[in-house]
$ cat upload-v3.cif   # mmCIF, C-alpha atoms
data_input
loop_
_atom_site.label_atom_id
_atom_site.label_comp_id
_atom_site.auth_asym_id
_atom_site.auth_seq_id
_atom_site.Cartn_x
_atom_site.Cartn_y
_atom_site.Cartn_z
CA MET A 1 -30.67 -31.82 40.32
CA ALA A 2 -30.36 -29.64 43.43
CA TRP A 3 -27.19 -31.51 44.42
CA ARG A 4 -25.62 -30.79 41.03
CA ARG A 5 -26.33 -27.06 41.24
CA THR A 6 -24.75 -26.91 44.66
CA ARG A 7 -21.67 -28.79 43.48
CA THR A 8 -21.27 -26.57 40.43
CA SER A 9 -21.49 -23.40 42.47
CA GLU A 10 -18.90 -24.74 44.95
CA ARG A 11 -16.57 -25.74 42.13
CA ALA A 12 -16.92 -22.36 40.43
CA ALA A 13 -15.91 -20.62 43.64
CA VAL A 14 -12.77 -22.77 43.97
CA ARG A 15 -11.73 -22.85 40.30
CA PRO A 16 -9.93 -19.76 38.94
CA ALA A 17 -11.69 -17.76 36.23
CA ARG A 18 -9.15 -18.65 33.54
CA HIS A 19 -10.16 -22.30 33.53
CA GLY A 20 -12.68 -23.54 31.00
CA ARG A 21 -15.72 -25.61 31.72
CA HIS A 22 -13.69 -28.83 31.65
CA GLY A 23 -11.26 -27.64 34.32
CA ARG A 24 -8.36 -26.98 31.93
CA GLU A 25 -6.63 -23.73 31.25
CA GLY A 26 -7.38 -21.81 28.08
CA ARG A 27 -5.23 -22.26 25.02
CA SER A 28 -1.89 -20.56 25.01
CA SER A 29 -0.79 -18.07 22.41
CA VAL A 30 0.87 -19.45 19.30
CA VAL A 31 4.08 -17.51 19.79
CA ARG A 32 5.85 -17.72 23.11
CA PRO A 33 8.31 -14.98 24.15
CA PRO A 34 11.54 -16.79 23.11
CA LEU A 35 10.30 -17.36 19.56
CA PRO A 36 10.38 -14.62 16.93
CA PRO A 37 6.99 -13.19 15.96
CA LEU A 38 5.30 -14.77 12.99
CA ASP A 39 5.06 -12.72 9.82
CA THR A 40 2.97 -13.39 6.78
CA ARG A 41 3.45 -12.85 3.08
CA VAL A 42 1.21 -9.81 3.34
CA ASP A 43 3.42 -8.32 6.07
CA ARG A 44 6.58 -8.96 4.07
CA PHE A 45 4.99 -7.46 0.94
CA ASP A 46 3.89 -4.34 2.84
CA LEU A 47 7.34 -3.96 4.37
CA SER A 48 9.05 -4.23 0.97
CA VAL A 49 6.68 -1.69 -0.58
CA GLY A 50 7.14 0.66 2.37
CA THR A 51 10.94 0.58 2.32
CA ALA A 52 11.12 1.07 -1.45
CA ALA A 53 8.56 3.91 -1.28
CA GLU A 54 10.51 5.66 1.50
CA PHE A 55 13.71 5.38 -0.50
CA LEU A 56 12.02 6.88 -3.55
CA ARG A 57 10.40 9.67 -1.53
CA SER A 58 13.75 10.64 -0.05
CA ALA A 59 15.47 10.57 -3.44
CA TRP A 60 12.79 12.27 -5.58
CA SER A 61 10.99 15.39 -4.40
CA GLU A 62 8.17 14.76 -6.92
CA LEU A 63 7.21 11.61 -4.98
CA ARG A 64 7.08 13.11 -1.48
CA ASP A 65 3.32 13.71 -1.56
CA VAL A 66 2.46 10.54 -3.48
CA ARG A 67 0.64 7.80 -1.56
CA PHE A 68 1.77 4.24 -2.18
CA GLU A 69 -1.13 1.88 -1.48
CA VAL A 70 -1.43 -1.90 -1.53
CA ALA A 71 -4.54 -3.75 -2.70
CA ASP A 72 -5.10 -7.45 -3.24
CA MET A 73 -6.48 -7.43 -6.80
CA PRO A 74 -7.49 -4.85 -9.39
CA ALA A 75 -11.21 -4.31 -9.97
CA ALA A 76 -10.98 -5.17 -13.66
CA THR A 77 -8.48 -6.23 -16.30
CA ASP A 78 -7.18 -3.93 -19.00
CA GLU A 79 -6.21 -4.55 -22.61
CA ASP A 80 -2.81 -5.94 -21.55
CA GLY A 81 -4.29 -8.40 -19.04
CA ILE A 82 -4.17 -8.12 -15.26
CA PRO A 83 -2.38 -4.93 -14.17
CA ARG A 84 0.31 -5.12 -11.49
CA TRP A 85 -0.22 -1.49 -10.42
CA THR A 86 -2.34 1.57 -11.18
CA VAL A 87 -0.93 5.08 -11.40
CA LEU A 88 -3.36 7.92 -10.63
CA ARG A 89 -1.49 11.17 -11.27
CA ASP A 90 -4.47 13.44 -10.58
CA GLU A 91 -5.00 11.90 -7.14
CA ARG A 92 -1.25 11.53 -6.48
CA ARG A 93 -1.63 7.79 -5.76
CA ILE A 94 0.11 4.62 -6.83
CA ILE A 95 -1.79 1.40 -6.10
CA LEU A 96 0.19 -1.85 -6.16
CA TYR A 97 -1.71 -5.13 -6.47
CA ARG A 98 -0.17 -7.82 -4.29
CA LEU A 99 -1.59 -11.00 -5.84
CA PRO A 100 -0.69 -10.28 -9.48
CA ILE A 101 2.80 -9.17 -8.50
CA GLU A 102 3.46 -12.25 -6.37
CA ARG A 103 1.70 -14.92 -8.39
CA LEU A 104 1.99 -13.89 -12.04
CA SER A 105 5.67 -13.07 -11.97
CA HIS A 106 8.01 -16.01 -12.40
CA LEU A 107 11.18 -16.04 -10.36
CA HIS A 108 14.19 -18.11 -11.34
CA ARG A 109 14.95 -18.51 -7.61
CA ASP A 110 12.27 -18.86 -4.99
CA ASP A 111 13.85 -17.25 -1.94
CA GLU A 112 13.35 -14.20 0.27
CA LEU A 113 15.87 -11.98 -1.53
CA HIS A 114 14.34 -12.52 -4.95
CA HIS A 115 10.81 -11.98 -3.65
CA ARG A 116 11.89 -8.68 -2.12
CA MET A 117 13.64 -7.65 -5.33
CA LEU A 118 10.50 -8.50 -7.31
CA VAL A 119 8.32 -6.31 -5.09
CA GLU A 120 10.82 -3.44 -5.00
CA GLY A 121 11.21 -3.63 -8.76
CA SER A 122 7.46 -3.29 -9.15
CA VAL A 123 7.45 -0.24 -6.88
CA PHE A 124 10.27 1.31 -8.91
CA ARG A 125 8.52 0.62 -12.22
CA ALA A 126 5.24 2.06 -10.94
CA ALA A 127 7.02 5.18 -9.66
CA ALA A 128 8.87 5.50 -12.96
CA GLU A 129 5.55 5.36 -14.78
CA TYR A 130 4.24 8.07 -12.45
CA LEU A 131 7.29 10.28 -13.16
CA ASP A 132 7.42 9.29 -16.85
CA ARG A 133 11.05 8.14 -16.55
CA ASP A 134 13.07 4.98 -16.91
CA PRO A 135 13.08 2.83 -13.73
CA TRP A 136 16.88 2.64 -13.74
CA ASP A 137 17.05 6.44 -13.52
CA LEU A 138 15.30 6.37 -10.13
CA GLY A 139 17.90 4.36 -8.25
CA PRO A 140 20.60 2.68 -10.32
CA GLU A 141 22.55 1.54 -7.24
CA ARG A 142 19.49 0.23 -5.40
CA PHE A 143 19.57 -3.35 -6.71
CA ARG A 144 23.29 -4.03 -6.54
CA TYR A 145 23.51 -6.50 -3.66
CA PHE A 146 26.62 -8.36 -4.72
#
$ encode --input "upload-v3.cif" --output "structure tokens"
Amino acid sequence: MAWRRTRTSERAAVRPARHGRHGREGRSSVVRPPLPPLDTRVDRFDLSVGTAAEFLRSAWSELRDVRFEVADMPAATDEDGIPRWTVLRDERRIILYRLPIERLSHLHRDDELHHRMLVEGSVFRAAAEYLDRDPWDLGPERFRYF
């Protein structure tokens, strides 16, 4: 037993600190520098909401002080089913629910462009409900990609 303690202490002095107990280096990061950073559905959803909200804030002065928030799911259902967003005019907040928007809406094409259009359309409809206007009045040229 004394021999083993001596050997371990000698080995620890020689081995760099980054090595594990089996003499191998620690695990590397998932993304190396030449690869693009990984993004998730949550990140893409937040980015789409943020860009649409910034567009609406710059176009409509009534929305400049409104907070656009993202939550996973609503606390409860309403008479129409599961809400996609909640508009709180008194608190100047619009809460968008990510899971109902992404999973309960059916896209005819499952690609990045249509997902982004779905999220931006939900932001526009929630803002239109906040302003009590038609969504197409908020940005008629916004969705013309082609």
$ residues_around --input "upload-v3.cif" --residues "region 71-78 of chain A" --least-positions-apart "3" --cutoff "12 Å" --atoms "only C-alpha atoms" --output "number ranges by chain"
A: 41-42, 45-46, 49, 68, 81-86, 94-104
$ atom_distance --input "upload-v3.cif" --atom1 "CA of Ser122 (chain A)" --atom2 "CA of Arg89 (chain A)"
17.1 Å
$ atom_distance --input "upload-v3.cif" --atom1 "CA of Thr51 (chain A)" --atom2 "CA of Arg133 (chain A)"
20.3 Å
$ residues_around --input "upload-v3.cif" --residues "Val123 (chain A)" --least-positions-apart "4" --cutoff "7 Å" --atoms "all atoms listed in the file" --output "PyMOL selection string"
chain A and resi 49+52+119+127
$ atom_distance --input "upload-v3.cif" --atom1 "CA of Trp136 (chain A)" --atom2 "CA of Leu107 (chain A)"
19.8 Å
$ residues_near_point --input "upload-v3.cif" --point "(11.2, 6.1, -10.2)" --cutoff "8 Å" --atoms "all atoms listed in the file" --output "number ranges by chain"
A: 56, 60, 124-131, 133-139
